[in-house]
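Structure file input-v3.pdb (PDB, C-alpha atoms and all ligand atoms) follows.
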ATOM      1  CA  MET A  10     234.308  31.296  -4.205
ATOM      2  CA  ASP A  11     236.690  32.920  -6.679
ATOM      3  CA  THR A  12     235.001  34.522  -9.648
ATOM      4  CA  ILE A  13     235.764  32.661 -12.882
ATOM      5  CA  LEU A  14     234.285  32.692 -16.383
ATOM      6  CA  ASP A  15     233.120  30.573 -19.275
ATOM      7  CA  ALA A  16     235.153  31.586 -22.321
ATOM      8  CA  HIS A  17     233.054  29.606 -24.836
ATOM      9  CA  CYS A  18     229.528  28.194 -24.810
ATOM     10  CA  HIS A  19     226.441  28.141 -27.016
ATOM     11  CA  LEU A  20     223.585  29.861 -25.170
ATOM     12  CA  ALA A  21     221.389  30.055 -28.282
ATOM     13  CA  ASP A  22     221.421  26.255 -28.602
ATOM     14  CA  SER A  23     217.965  24.695 -28.275
ATOM     15  CA  ARG A  24     219.193  22.583 -25.330
ATOM     16  CA  LEU A  25     220.176  25.721 -23.348
ATOM     17  CA  TYR A  26     218.040  28.596 -24.536
ATOM     18  CA  PRO A  27     214.623  27.388 -23.223
ATOM     19  CA  ASP A  28     215.967  27.502 -19.628
ATOM     20  CA  LEU A  29     218.481  30.306 -20.135
ATOM     21  CA  ASP A  30     217.400  32.176 -16.990
ATOM     22  CA  GLY A  31     217.831  29.012 -14.924
ATOM     23  CA  ALA A  32     221.255  28.297 -16.434
ATOM     24  CA  LEU A  33     222.377  31.898 -15.799
ATOM     25  CA  ALA A  34     221.152  31.761 -12.188
ATOM     26  CA  ARG A  35     223.117  28.534 -11.630
ATOM     27  CA  ALA A  36     226.178  30.127 -13.305
ATOM     28  CA  ALA A  37     225.905  33.128 -10.968
ATOM     29  CA  ALA A  38     225.618  30.778  -7.967
ATOM     30  CA  ALA A  39     228.834  29.058  -9.135
ATOM     31  CA  ALA A  40     230.536  32.507  -9.379
ATOM     32  CA  VAL A  41     230.817  32.307 -13.166
ATOM     33  CA  GLY A  42     230.895  36.056 -13.659
ATOM     34  CA  THR A  43     231.423  36.448 -17.393
ATOM     35  CA  ILE A  44     230.295  34.341 -20.341
ATOM     36  CA  VAL A  45     231.373  34.435 -23.979
ATOM     37  CA  ALA A  46     228.471  33.015 -26.002
ATOM     38  CA  VAL A  47     229.256  31.719 -29.480
ATOM     39  CA  GLY A  48     226.812  31.588 -32.398
ATOM     40  CA  ALA A  49     228.388  29.996 -35.508
ATOM     41  CA  ILE A  50     226.477  26.703 -35.526
ATOM     42  CA  GLU A  51     224.150  26.101 -38.485
ATOM     43  CA  THR A  52     222.533  29.336 -39.721
ATOM     44  CA  ILE A  53     223.071  33.079 -39.188
ATOM     45  CA  GLU A  54     219.958  33.035 -36.964
ATOM     46  CA  THR A  55     222.092  31.376 -34.276
ATOM     47  CA  ASP A  56     224.508  34.325 -34.395
ATOM     48  CA  ARG A  57     221.602  36.798 -34.339
ATOM     49  CA  LEU A  58     220.054  35.221 -31.250
ATOM     50  CA  THR A  59     223.469  35.029 -29.556
ATOM     51  CA  VAL A  60     224.043  38.776 -30.064
ATOM     52  CA  GLU A  61     220.509  39.463 -28.770
ATOM     53  CA  ILE A  62     221.262  37.481 -25.593
ATOM     54  CA  ALA A  63     224.517  39.418 -25.114
ATOM     55  CA  GLU A  64     222.691  42.725 -25.614
ATOM     56  CA  ARG A  65     220.287  41.776 -22.803
ATOM     57  CA  HIS A  66     222.942  40.782 -20.211
ATOM     58  CA  PRO A  67     225.795  43.048 -19.117
ATOM     59  CA  ARG A  68     228.306  40.206 -18.516
ATOM     60  CA  ILE A  69     227.490  38.076 -21.551
ATOM     61  CA  PHE A  70     229.505  38.771 -24.694
ATOM     62  CA  ALA A  71     229.182  37.256 -28.161
ATOM     63  CA  ALA A  72     231.275  35.685 -30.913
ATOM     64  CA  VAL A  73     229.888  35.369 -34.459
ATOM     65  CA  GLY A  74     231.151  33.169 -37.283
ATOM     66  CA  VAL A  75     230.630  30.022 -39.328
ATOM     67  CA  HIS A  76     231.560  26.731 -37.668
ATOM     68  CA  PRO A  77     233.954  24.534 -39.693
ATOM     69  CA  HIS A  78     231.148  21.930 -39.885
ATOM     70  CA  ASN A  79     229.136  24.503 -41.895
ATOM     71  CA  ALA A  80     232.110  25.906 -43.832
ATOM     72  CA  ALA A  81     230.529  24.940 -47.163
ATOM     73  CA  ASP A  82     227.843  27.603 -46.433
ATOM     74  CA  CYS A  83     230.382  30.384 -45.804
ATOM     75  CA  ASP A  84     229.793  32.630 -48.813
ATOM     76  CA  GLU A  85     230.297  36.399 -49.112
ATOM     77  CA  ALA A  86     226.670  37.123 -48.142
ATOM     78  CA  ARG A  87     227.233  35.247 -44.893
ATOM     79  CA  ILE A  88     230.480  37.143 -44.225
ATOM     80  CA  ALA A  89     228.672  40.453 -44.833
ATOM     81  CA  ALA A  90     225.918  39.426 -42.399
ATOM     82  CA  LEU A  91     228.542  38.573 -39.756
ATOM     83  CA  ALA A  92     230.274  41.919 -40.284
ATOM     84  CA  ALA A  93     226.923  43.678 -39.786
ATOM     85  CA  LEU A  94     226.295  41.786 -36.527
ATOM     86  CA  ALA A  95     229.793  42.724 -35.367
ATOM     87  CA  GLY A  96     228.594  46.318 -35.399
ATOM     88  CA  SER A  97     227.392  45.507 -31.869
ATOM     89  CA  ALA A  98     229.952  46.406 -29.204
ATOM     90  CA  LYS A  99     228.964  43.151 -27.459
ATOM     91  CA  VAL A 100     230.571  41.117 -30.266
ATOM     92  CA  VAL A 101     234.055  40.524 -28.849
ATOM     93  CA  ALA A 102     235.363  37.823 -31.232
ATOM     94  CA  ILE A 103     234.980  36.321 -34.701
ATOM     95  CA  GLY A 104     234.318  32.579 -34.738
ATOM     96  CA  GLU A 105     234.223  29.835 -34.074
ATOM     97  CA  THR A 106     236.090  29.054 -37.248
ATOM     98  CA  GLY A 107     238.945  26.714 -38.021
ATOM     99  CA  LEU A 108     239.477  23.137 -39.156
ATOM    100  CA  ASP A 109     237.795  19.896 -38.122
ATOM    101  CA  PHE A 110     239.436  16.926 -39.859
ATOM    102  CA  HIS A 111     237.829  14.522 -37.375
ATOM    103  CA  TYR A 112     234.190  14.879 -38.461
ATOM    104  CA  MET A 113     234.796  16.376 -41.942
ATOM    105  CA  HIS A 114     231.203  17.642 -42.164
ATOM    106  CA  SER A 115     232.476  20.132 -44.773
ATOM    107  CA  PRO A 116     235.267  19.277 -47.261
ATOM    108  CA  ALA A 117     238.790  20.234 -46.120
ATOM    109  CA  ASP A 118     239.259  22.828 -48.887
ATOM    110  CA  ALA A 119     235.959  24.565 -47.983
ATOM    111  CA  GLN A 120     237.013  24.597 -44.325
ATOM    112  CA  GLU A 121     240.369  26.106 -45.193
ATOM    113  CA  ARG A 122     238.825  28.760 -47.433
ATOM    114  CA  ALA A 123     236.274  29.748 -44.760
ATOM    115  CA  PHE A 124     238.987  29.815 -42.084
ATOM    116  CA  ARG A 125     241.179  32.164 -44.141
ATOM    117  CA  ARG A 126     238.166  34.401 -44.781
ATOM    118  CA  HIS A 127     237.467  34.584 -41.024
ATOM    119  CA  LEU A 128     241.101  35.531 -40.346
ATOM    120  CA  GLU A 129     240.704  38.402 -42.831
ATOM    121  CA  LEU A 130     237.406  39.438 -41.251
ATOM    122  CA  ALA A 131     238.906  39.433 -37.753
ATOM    123  CA  ARG A 132     241.752  41.562 -39.044
ATOM    124  CA  ALA A 133     239.369  43.995 -40.799
ATOM    125  CA  LEU A 134     237.090  44.315 -37.747
ATOM    126  CA  ASP A 135     239.993  44.347 -35.256
ATOM    127  CA  ARG A 136     238.569  41.485 -33.199
ATOM    128  CA  PRO A 137     240.299  38.346 -31.941
ATOM    129  CA  VAL A 138     239.550  35.082 -33.708
ATOM    130  CA  MET A 139     237.924  32.149 -31.850
ATOM    131  CA  ILE A 140     239.257  28.901 -33.256
ATOM    132  CA  HIS A 141     237.902  25.354 -33.394
ATOM    133  CA  CYS A 142     240.586  22.790 -34.220
ATOM    134  CA  ARG A 143     240.088  19.036 -34.192
ATOM    135  CA  ASN A 144     242.682  16.602 -35.561
ATOM    136  CA  ALA A 145     244.063  19.466 -37.644
ATOM    137  CA  GLU A 146     246.611  21.153 -35.366
ATOM    138  CA  ARG A 147     249.474  20.890 -37.872
ATOM    139  CA  ARG A 148     247.568  22.367 -40.840
ATOM    140  CA  LEU A 149     246.039  25.140 -38.741
ATOM    141  CA  TYR A 150     249.461  26.047 -37.366
ATOM    142  CA  GLU A 151     250.871  26.241 -40.921
ATOM    143  CA  ILE A 152     248.051  28.512 -42.122
ATOM    144  CA  VAL A 153     248.391  30.946 -39.217
ATOM    145  CA  ARG A 154     252.188  30.956 -39.572
ATOM    146  CA  GLU A 155     251.666  31.965 -43.179
ATOM    147  CA  THR A 156     248.912  34.576 -42.686
ATOM    148  CA  GLY A 157     249.889  35.770 -39.207
ATOM    149  CA  LEU A 158     247.483  36.017 -36.309
ATOM    150  CA  PRO A 159     245.077  38.989 -36.556
ATOM    151  CA  PRO A 160     246.510  41.871 -34.466
ATOM    152  CA  ALA A 161     243.740  41.479 -31.852
ATOM    153  CA  GLY A 162     244.941  37.896 -31.291
ATOM    154  CA  GLY A 163     243.043  34.660 -30.917
ATOM    155  CA  MET A 164     241.958  31.759 -28.776
ATOM    156  CA  ILE A 165     242.061  28.025 -29.476
ATOM    157  CA  HIS A 166     238.762  26.854 -28.014
ATOM    158  CA  CYS A 167     238.349  23.384 -26.496
ATOM    159  CA  PHE A 168     241.974  22.534 -27.147
ATOM    160  CA  THR A 169     242.395  18.777 -27.704
ATOM    161  CA  GLY A 170     245.966  18.543 -29.019
ATOM    162  CA  ASP A 171     249.121  17.429 -27.232
ATOM    163  CA  ALA A 172     251.707  19.436 -25.296
ATOM    164  CA  GLY A 173     253.714  20.108 -28.465
ATOM    165  CA  ALA A 174     250.704  21.618 -30.235
ATOM    166  CA  ALA A 175     249.882  23.693 -27.150
ATOM    167  CA  ARG A 176     253.441  25.108 -27.194
ATOM    168  CA  ASP A 177     253.168  25.830 -30.934
ATOM    169  CA  PHE A 178     249.901  27.756 -30.496
ATOM    170  CA  VAL A 179     251.281  29.741 -27.559
ATOM    171  CA  GLU A 180     254.326  30.604 -29.670
ATOM    172  CA  LEU A 181     252.016  31.922 -32.431
ATOM    173  CA  GLY A 182     250.401  34.224 -29.851
ATOM    174  CA  PHE A 183     247.211  32.286 -29.078
ATOM    175  CA  TYR A 184     245.399  31.908 -25.788
ATOM    176  CA  VAL A 185     244.553  28.241 -25.176
ATOM    177  CA  SER A 186     241.221  27.280 -23.651
ATOM    178  CA  PHE A 187     240.411  23.958 -21.978
ATOM    179  CA  SER A 188     236.964  22.367 -21.659
ATOM    180  CA  GLY A 189     235.434  19.620 -19.513
ATOM    181  CA  ILE A 190     237.431  17.029 -21.474
ATOM    182  CA  LEU A 191     240.193  17.891 -18.992
ATOM    183  CA  THR A 192     238.212  16.011 -16.311
ATOM    184  CA  PHE A 193     237.736  12.825 -18.370
ATOM    185  CA  LYS A 194     239.530   9.684 -17.207
ATOM    186  CA  ARG A 195     241.419   9.035 -20.413
ATOM    187  CA  ALA A 196     242.701  12.569 -20.992
ATOM    188  CA  ASP A 197     246.247  12.288 -19.633
ATOM    189  CA  ASP A 198     247.764  13.822 -22.790
ATOM    190  CA  LEU A 199     245.427  16.791 -22.512
ATOM    191  CA  ARG A 200     246.270  17.249 -18.831
ATOM    192  CA  ALA A 201     249.963  17.229 -19.816
ATOM    193  CA  ALA A 202     249.206  19.921 -22.426
ATOM    194  CA  ALA A 203     247.352  22.026 -19.830
ATOM    195  CA  LYS A 204     250.538  22.142 -17.775
ATOM    196  CA  VAL A 205     252.677  23.738 -20.507
ATOM    197  CA  VAL A 206     250.428  26.753 -21.222
ATOM    198  CA  PRO A 207     251.703  29.816 -19.325
ATOM    199  CA  ASP A 208     249.453  31.472 -16.716
ATOM    200  CA  ASP A 209     248.963  34.506 -18.933
ATOM    201  CA  ARG A 210     247.615  32.467 -21.898
ATOM    202  CA  LEU A 211     245.244  30.092 -20.168
ATOM    203  CA  LEU A 212     241.427  30.045 -20.388
ATOM    204  CA  VAL A 213     238.615  27.671 -19.352
ATOM    205  CA  GLU A 214     235.267  27.034 -20.986
ATOM    206  CA  THR A 215     232.350  24.619 -21.096
ATOM    207  CA  ASP A 216     231.478  24.495 -24.839
ATOM    208  CA  ALA A 217     227.968  23.926 -23.387
ATOM    209  CA  PRO A 218     225.641  22.250 -24.180
ATOM    210  CA  TYR A 219     228.363  19.846 -25.364
ATOM    211  CA  LEU A 220     231.055  18.055 -23.354
ATOM    212  CA  ALA A 221     229.832  18.197 -19.755
ATOM    213  CA  PRO A 222     232.719  17.583 -17.336
ATOM    214  CA  GLU A 223     232.799  14.729 -14.826
ATOM    215  CA  PRO A 224     230.622  13.957 -12.853
ATOM    216  CA  TYR A 225     228.004  15.325 -15.279
ATOM    217  CA  ARG A 226     229.452  13.599 -18.353
ATOM    218  CA  GLY A 227     226.737  12.582 -20.831
ATOM    219  CA  LYS A 228     224.256  15.169 -19.517
ATOM    220  CA  PRO A 229     223.629  18.559 -21.166
ATOM    221  CA  ASN A 230     226.416  20.922 -20.164
ATOM    222  CA  GLU A 231     225.900  24.486 -18.891
ATOM    223  CA  PRO A 232     228.136  27.421 -17.895
ATOM    224  CA  ALA A 233     227.996  26.639 -14.132
ATOM    225  CA  TYR A 234     229.945  23.427 -14.779
ATOM    226  CA  VAL A 235     233.059  25.337 -15.842
ATOM    227  CA  ARG A 236     233.792  25.330 -12.100
ATOM    228  CA  ARG A 237     234.686  21.604 -12.346
ATOM    229  CA  THR A 238     237.133  22.214 -15.190
ATOM    230  CA  PHE A 239     238.670  25.132 -13.291
ATOM    231  CA  GLU A 240     239.158  22.994 -10.160
ATOM    232  CA  THR A 241     240.761  20.209 -12.206
ATOM    233  CA  MET A 242     243.029  22.765 -13.876
ATOM    234  CA  ALA A 243     244.123  24.290 -10.552
ATOM    235  CA  ALA A 244     244.864  20.834  -9.074
ATOM    236  CA  LEU A 245     246.872  19.549 -12.028
ATOM    237  CA  ARG A 246     248.943  22.745 -12.284
ATOM    238  CA  GLY A 247     249.459  22.821  -8.509
ATOM    239  CA  ALA A 248     248.091  26.372  -8.673
ATOM    240  CA  ASP A 249     246.619  28.496  -5.928
ATOM    241  CA  PRO A 250     242.931  28.712  -7.013
ATOM    242  CA  PRO A 251     242.439  32.449  -6.282
ATOM    243  CA  ALA A 252     245.620  33.297  -8.222
ATOM    244  CA  LEU A 253     244.625  31.062 -11.149
ATOM    245  CA  ALA A 254     241.102  32.532 -11.206
ATOM    246  CA  ALA A 255     242.586  36.027 -11.304
ATOM    247  CA  HIS A 256     244.882  35.060 -14.203
ATOM    248  CA  ILE A 257     242.033  33.537 -16.191
ATOM    249  CA  CYS A 258     239.777  36.571 -15.712
ATOM    250  CA  ALA A 259     242.606  38.960 -16.615
ATOM    251  CA  ASN A 260     243.398  36.898 -19.723
ATOM    252  CA  ALA A 261     239.814  37.045 -20.974
ATOM    253  CA  ALA A 262     239.581  40.764 -20.212
ATOM    254  CA  ARG A 263     242.795  41.377 -22.194
ATOM    255  CA  LEU A 264     241.942  39.147 -25.166
ATOM    256  CA  PHE A 265     238.279  40.151 -25.528
ATOM    257  CA  ARG A 266     238.857  43.747 -24.333
ATOM    258  CA  LEU A 267     236.057  43.370 -21.810
ATOM    259  CA  PRO A 268     234.788  46.348 -19.832
ATOM    260  CA  THR A 269     235.747  46.046 -16.139
ATOM    261  CA  ALA A 270     233.126  44.108 -14.179
TER     262      ALA A 270
HETATM  263 ZN    ZN A 301     231.746  25.653 -29.619
END
As structure tokens, what does this structure read like?
Ligand SMILES: [Zn+2]
Amino acid sequence: MDTILDAHCHLADSRLYPDLDGALARAAAAAVGTIVAVGAIETIETDRLTVEIAERHPRIFAAVGVHPHNAADCDEARIAALAALAGSAKVVAIGETGLDFHYMHSPADAQERAFRRHLELARALDRPVMIHCRNAERRLYEIVRETGLPPAGGMIHCFTGDAGAARDFVELGFYVSFSGILTFKRADDLRAAAKVVPDDRLLVETDAPYLAPEPYRGKPNEPAYVRRTFETMAALRGADPPALAAHICANAARLFRLPTA
């Protein structure tokens, strides 16, 4: 089995953390060699626990930030706490941050303010930015066109836009990551988008415990299941799986500046 990776999941989540050892054993059995674990949801304690997990495991890395759902809580104290956590060499990205105009759990202006602050933080800390974007591709594109991407680059996590938006994000310099949604029956537009991203900008992820791919849809997701998304990706691109796996691992190593495995 070709070694692949999970570029975005939430290991500190209460649906994953209690059986973390089990989930990591199943990931290893599925040849998921590297995991980027993202804090960002709810309080700073989630980021703290995520960094702790990364510190304990050589091939787990962390991202810290404030999710757009919680953007209203993104004050300067929170930014300072994130910067302190990013003192760990295991913190390889800032996020997830961005815009979610689908759920609107925080007002749009608060989301935009928090997103801009994360772009500044990523720039200051020289880390790539991990972006969440839902029904907001146009606005997010405009903001990054205006501010520029931080020099360390960025990734659009769980991309759900169309082929045009995928091209726009690639043009801005982003890596584009696809989740288990790629395997869902009614995701033809997303599969079309997955075809236009060049080999050297493509990533796969679970976003576990959310969004389990088929045939696990509706169950709690976990890093091992990224294998299903990878297989779907290889089939729809007509790609040779070992070559695609090598591209994906090289992309993550380049973006997140990972030590060689
Ligand atoms: Zn996420």
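A distance cut-off of 7 Å from ligand ZN 301 (chain A), applied to only C-alpha atoms and all ligand atoms, picks out the residues His17, Cys18, His19, Val47, Glu105 and Asp216 of chain A.
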So that I can see what lies close to segment 222-237 of chain A, please list as a ChimeraX atom specification the residues with an atom at most 9 Å from it, counting all atoms listed in the file and leaving out residues fewer than 2 positions away in the same chain. /A:13-15,17-20,24-25,32-41,44,188-194,213-220,239-242
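Taking atom CA of Ala244 of chain A and atom CA of Gly170 of chain A as endpoints, the distance between them is 20.1 Å.
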### Task
Evaluate the PyMOL selection byres (((chain A and resi 45) around 6) and not hetatm) on the structure here and hand back the selected residues as a VMD selection string.
chain A and resid 16 to 17 44 46 69 to 71
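Take atom CA of Leu212 of chain A and atom CA of Cys167 of chain A: the distance between them is 9.5 Å.
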I'd like a table as JSON lines: residues in segment 10-72 of chain A with an atom no more than 9 Å from segment 88-95 of chain A, each row giving the shortest atom pair and its distance in Å to one decimal, only C-alpha atoms counted, sorted by chain and rising residue number.
{"residue": "A:Ile53", "atom": "CA", "partner": "A:Ala90", "partner_atom": "CA", "distance": 7.7}
{"residue": "A:Asp56", "atom": "CA", "partner": "A:Leu91", "partner_atom": "CA", "distance": 7.9}
{"residue": "A:Arg57", "atom": "CA", "partner": "A:Leu94", "partner_atom": "CA", "distance": 7.2}
{"residue": "A:Val60", "atom": "CA", "partner": "A:Leu94", "partner_atom": "CA", "distance": 7.5}
{"residue": "A:Ala72", "atom": "CA", "partner": "A:Ala95", "partner_atom": "CA", "distance": 8.5}
Across A:Glu61, A:Asp30, A:Asp208, A:Ile50, the smallest distance to Cys258 of chain A, with all atoms listed in the file counted, is shown by A:Asp208
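Note that atom CA of Val153 of chain A and atom CA of Ala174 of chain A are 13.2 Å apart.
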Of A:Ala202, A:Asp249, A:His127, A:Thr43, the one nearest to Thr12 of chain A when counting only C-alpha atoms is A:Thr43
**Asked** For the file shown, what are the residues hit by the PyMOL selection byres (((chain A and resi 132) around 12) and not hetatm), laid out as a PyMOL selection string?
**Response** chain A and resi 92+102-103+125-131+133-138+156-163
Centre, x/y/z edge lengths, axis-aligned box for segment 246-254 of chain A with 4 Å per side, as AutoDock Vina command-line options:
--center_x 245.3 --center_y 28.0 --center_z -9.1 --size_x 16.4 --size_y 18.6 --size_z 14.4
Just want the 9 Å neighbourhood of Asp82 of chain A, counted on only C-alpha atoms, with same-chain residues fewer than 2 positions away dropped. Output as a PDB file with C-alpha atoms, keeping the file's coordinate frame.
ATOM      1  CA  GLU A  51     224.150  26.101 -38.485  1.00  0.00           C
ATOM      2  CA  THR A  52     222.533  29.336 -39.721  1.00  0.00           C
ATOM      3  CA  VAL A  75     230.630  30.022 -39.328  1.00  0.00           C
ATOM      4  CA  ASN A  79     229.136  24.503 -41.895  1.00  0.00           C
ATOM      5  CA  ALA A  80     232.110  25.906 -43.832  1.00  0.00           C
ATOM      6  CA  ASP A  84     229.793  32.630 -48.813  1.00  0.00           C
ATOM      7  CA  ARG A  87     227.233  35.247 -44.893  1.00  0.00           C
ATOM      8  CA  SER A 115     232.476  20.132 -44.773  1.00  0.00           C
ATOM      9  CA  ALA A 119     235.959  24.565 -47.983  1.00  0.00           C
ATOM     10  CA  ALA A 123     236.274  29.748 -44.760  1.00  0.00           C
TER      11      ALA A 123
END
Problem - Contacts of Asn260 of chain A at 8 Å (all atoms listed in the file; same-chain gap of 6+ positions) as a list in words - result: Asp209, Arg210, Leu211 and Leu212 of chain A
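Distance check against Thr269 of chain A using all atoms listed in the file: of A:Ala21, A:Ala243, A:Met164, A:Pro67, the minimum falls on A:Pro67.
Take the candidates A:Arg154, A:Arg147, A:His141, A:His78 and check each one against Gly182 of chain A using all atoms listed in the file; the shortest distance goes to A:Arg154.
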